[in-house]
Structure formats: C-alpha cells, structure tokens
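**Student:** Input: one structure, supplied below.
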Amino acid sequence: MDTTRKLAIATGVCFLITHVTSVPAAFLYDPILNRSNYVLGSGSNTQVVLGAFLEVLCALGIVGTSVSLFPVVRRWSEGGALGYVGLRTLEAGIIAVGVLPLLTVVTLRQHFAGSAGVDTASLAMLGNGLVEMHKWTRLLGPGLVCGVNTTVMAYLLYRARLVPRIIPVLGLMGGPAIFAYNTARVFGVSEHILGWTAIAVLPIFAWEVSLALRLIIKGFNDTAVTPGAVRPVSKELVPAV
C-alpha cells in the first residue's frame, strides 16, 4: 500500500471519528444544555464528562483530517491546503474551549450545590452563563469555521478531481449553507428551527460521510495523483521563445 493510499484511509477514518464522537456527545449533553437548574438539580455528572471526552476526541479527529489531506492536496494548492489545516485546527480549538465551561459546571455541582451558605441563585446564574458560553462555541466552531473550511477543501478537491465531483459539490453546497444559517443565528435573525437545521446540516453531513467512505474504500482517483498530473504549468509562467 503506497503512501497516498494510506493517507486516504487515514483521512476517511478521521472524518468518521468526528461523526461517531460528536453525535453521541450531543445526546449526552442534553440534560446540561436543556435544564436551567442543572447545576442545582440531580442527575449524572458522568454523562456530561463522557460527552466532553467524546468532543475532545472529535477535535483530535478534525485536526487529523487536515493533517492527512495536506500532503496530497498541497500538490495542487499549497496555500489552500495550509489554509485548510489552519481552519480545521481553529475549529478543533474552539470545540475544545467549549468543553471547559461544561466541565466547570460539573465541578460547581460537585463542590458547591447543596452546601450550606451557598447563594443558590448566583450559582444557578453562573452555571447557566457557562452553558451559554458553550452554546456560543458551537455556533462559532462547528458552525461558522466549519462552513468556511468545508468550502475551501471542497473547492480544492473539485478542481483537482481527486474524488468524483459529486462529492465536493455536496461540500460546496453544505459549507455556505451552514455558514449562512449560523451567521443568522449569531445575529439573532433565525431561531433553532428543525426544518432549517436539516436543510443546512444534511449537505455537509453527506459531504463528509461520502468523502470518508470513498477514501477508505477506493482512495483518491489514480489519474489525479500521478506525478504527471500534479500541477499543470500555467501559460503565464512559460517564457516567450
């Protein structure tokens, strides 16, 4: 198995890791995100900690997708490939930062909830504020930044023909859609409506899953990764005879 094939498999596996970790984490976070009195009430702290652990794994998988794609995509556009690494790392960093407020709520719950002399109203306010901070990171990282980096990589793959063009077309649809939707939410224009969420999320979900399966099963297009097809010479760079 050559290096390019290994990189394709690694990329696909990393993309799948981001999904098998982020989706369960969203369900595990449900009590802390949807109960305003979570810090004062009953429930399992382990559930939230497990969700945080899965999100850290998700962040690592996100970085892994960019690192494994970089050596291949840089042959067509080193700047674009490097930009994708930076954007994916930024997305992963925002996700990791968003884990900390929820773990802080768990700590407050363990050490202060129910203790004598604790101002329960202030504790509840602090806990809710930390949860809202986490929600903002979800808008910025998996929302805005993800929309940009998806568009960048989908464009690069489309131009380089490294995979069947229908796959990057999904990314070119999903990236701007998720960016526009989350921009509207940031500015309070749109509410979290299930129908609009599905429209924005489905293309980007299909892009990542189809790309992952393609790279794991078949890898990159052979004709696109051959040395002679790496980068055509621009006419502007050919000196006149």
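By convention in this document, the chains of the structure tokens carry letters A, B, ... by their order, each chain's residues are numbered from 1, and ligands are numbered from 1 in the order they are shown.
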Show me, as a PyMOL selection string, the residues that have an atom within 10 Å of Ile32 in chain A when counting only C-alpha atoms, minus same-chain residues fewer than 2 positions from it.
**Tutor:** chain A and resi 28-30+34-39+43-45+47-48+102+105-106+127-128+131
**Student:** Could you please take those selected residues and save C-alpha atoms as an mmCIF file, in the first residue's frame?
**Tutor:**
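Okay, out_22.cif is ready:
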```cif
data_model
loop_
_atom_site.group_PDB
_atom_site.id
_atom_site.type_symbol
_atom_site.label_atom_id
_atom_site.label_comp_id
_atom_site.auth_asym_id
_atom_site.auth_seq_id
_atom_site.Cartn_x
_atom_site.Cartn_y
_atom_site.Cartn_z
ATOM 1 C CA LEU A 28 -25.087 13.132 26.353
ATOM 2 C CA TYR A 29 -25.131 16.918 26.763
ATOM 3 C CA ASP A 30 -28.934 17.093 26.608
ATOM 4 C CA ASN A 34 -31.744 21.964 28.320
ATOM 5 C CA ARG A 35 -32.183 22.191 32.106
ATOM 6 C CA SER A 36 -31.786 25.678 33.507
ATOM 7 C CA ASN A 37 -31.364 24.318 37.065
ATOM 8 C CA TYR A 38 -28.910 21.563 36.169
ATOM 9 C CA VAL A 39 -26.197 22.871 38.500
ATOM 10 C CA GLY A 43 -28.539 13.765 37.558
ATOM 11 C CA SER A 44 -25.403 12.060 36.342
ATOM 12 C CA ASN A 45 -22.214 14.090 36.084
ATOM 13 C CA GLN A 47 -22.833 11.589 31.380
ATOM 14 C CA VAL A 48 -21.598 15.147 30.828
ATOM 15 C CA LEU A 102 -19.465 22.366 30.881
ATOM 16 C CA VAL A 105 -20.484 23.403 35.693
ATOM 17 C CA VAL A 106 -19.893 19.801 36.760
ATOM 18 C CA GLY A 127 -23.990 27.709 35.716
ATOM 19 C CA ASN A 128 -26.390 28.992 33.062
ATOM 20 C CA VAL A 131 -23.704 26.711 29.443
#
```
**Student:** Taking only range 30-140 of chain A into account, list the residues labelled helix (DSSP H, G or I) by DSSP (computed from the backbone), as a PyMOL selection string.
**Tutor:** chain A and resi 30-34+45-73+78-111+120-140
**Student:** Env of range 55-60 of chain A: 10 Å cut, atoms = only C-alpha atoms, seq-sep filter 3 positions within chain, self excluded. Answer as a PyMOL selection string.
**Tutor:** chain A and resi 14-26+49-52+63-65+88-99
**Student:** Since we have the selection now, will you write its residues out, keeping C-alpha atoms, as a PDB file, in the first residue's frame?
**Tutor:**
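Just written: out.pdb:
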```
ATOM      1  CA  CYS A  14     -10.641  10.686  10.894  1.00  0.00           C
ATOM      2  CA  PHE A  15     -13.799  12.037   9.249  1.00  0.00           C
ATOM      3  CA  LEU A  16     -15.789   9.079  10.584  1.00  0.00           C
ATOM      4  CA  ILE A  17     -14.306   9.636  14.056  1.00  0.00           C
ATOM      5  CA  THR A  18     -15.677  13.179  14.082  1.00  0.00           C
ATOM      6  CA  HIS A  19     -19.186  11.824  13.500  1.00  0.00           C
ATOM      7  CA  VAL A  20     -19.150   8.822  15.840  1.00  0.00           C
ATOM      8  CA  THR A  21     -17.987  11.119  18.644  1.00  0.00           C
ATOM      9  CA  SER A  22     -19.895  14.372  18.039  1.00  0.00           C
ATOM     10  CA  VAL A  23     -23.348  12.820  17.585  1.00  0.00           C
ATOM     11  CA  PRO A  24     -23.320  10.820  20.878  1.00  0.00           C
ATOM     12  CA  ALA A  25     -21.839  13.843  22.662  1.00  0.00           C
ATOM     13  CA  ALA A  26     -24.835  15.948  21.608  1.00  0.00           C
ATOM     14  CA  VAL A  49     -17.949  14.195  31.400  1.00  0.00           C
ATOM     15  CA  LEU A  50     -18.271  11.384  28.850  1.00  0.00           C
ATOM     16  CA  GLY A  51     -19.747  13.833  26.357  1.00  0.00           C
ATOM     17  CA  ALA A  52     -16.809  16.185  26.961  1.00  0.00           C
ATOM     18  CA  VAL A  63      -7.157  18.020  13.139  1.00  0.00           C
ATOM     19  CA  GLY A  64      -6.367  14.564  11.773  1.00  0.00           C
ATOM     20  CA  THR A  65      -8.470  15.151   8.642  1.00  0.00           C
ATOM     21  CA  ARG A  88      -9.608  22.908  10.909  1.00  0.00           C
ATOM     22  CA  THR A  89      -7.225  23.466  13.796  1.00  0.00           C
ATOM     23  CA  LEU A  90      -9.144  26.621  14.712  1.00  0.00           C
ATOM     24  CA  GLU A  91     -12.420  24.686  14.622  1.00  0.00           C
ATOM     25  CA  ALA A  92     -10.960  21.974  16.842  1.00  0.00           C
ATOM     26  CA  GLY A  93      -9.593  24.578  19.257  1.00  0.00           C
ATOM     27  CA  ILE A  94     -12.985  26.265  19.604  1.00  0.00           C
ATOM     28  CA  ILE A  95     -14.612  22.878  20.268  1.00  0.00           C
ATOM     29  CA  ALA A  96     -12.007  22.107  22.948  1.00  0.00           C
ATOM     30  CA  VAL A  97     -12.566  25.507  24.566  1.00  0.00           C
ATOM     31  CA  GLY A  98     -16.308  24.841  24.561  1.00  0.00           C
ATOM     32  CA  VAL A  99     -15.793  21.696  26.621  1.00  0.00           C
TER      33      VAL A  99
END
```
**Student:** What's the separation between CA of Val201 in chain A and CA of Phe27 in chain A, in Å to one decimal place?
**Tutor:**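 Distance reported for this atom pair: 16.7 Å.
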**Student:** In Å, with one decimal, what is the gap from CA of Thr151 in chain A to CA of Phe53 in chain A?
**Tutor:** 27.9 Å
**Student:** At a cut-off of 8 Å, using only C-alpha atoms, what residues contact Pro176 in chain A? Leave out same-chain residues fewer than 4 positions from it and give the result as number ranges by chain.
**Tutor:** A: 147-148, 151, 172, 180
**Student:** Compile the contact shell of Gly219 in chain A as JSON, numbers by chain: residues with an atom at most 10 Å away, counting only C-alpha atoms, same-chain residues fewer than 3 positions apart removed.
**Tutor:** {"A": [4, 5, 6, 7, 8, 9, 11, 12, 162, 163, 211, 212, 213, 214, 215, 216, 222]}
**Student:** Choose the residue, out of A:Arg159, A:Ala121, A:Tyr181, A:Gly171, that has the smallest atom-to-atom separation from Leu140 in chain A; count only C-alpha atoms.
**Tutor:**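 Smallest distance to Leu140 in chain A is found for A:Tyr181.
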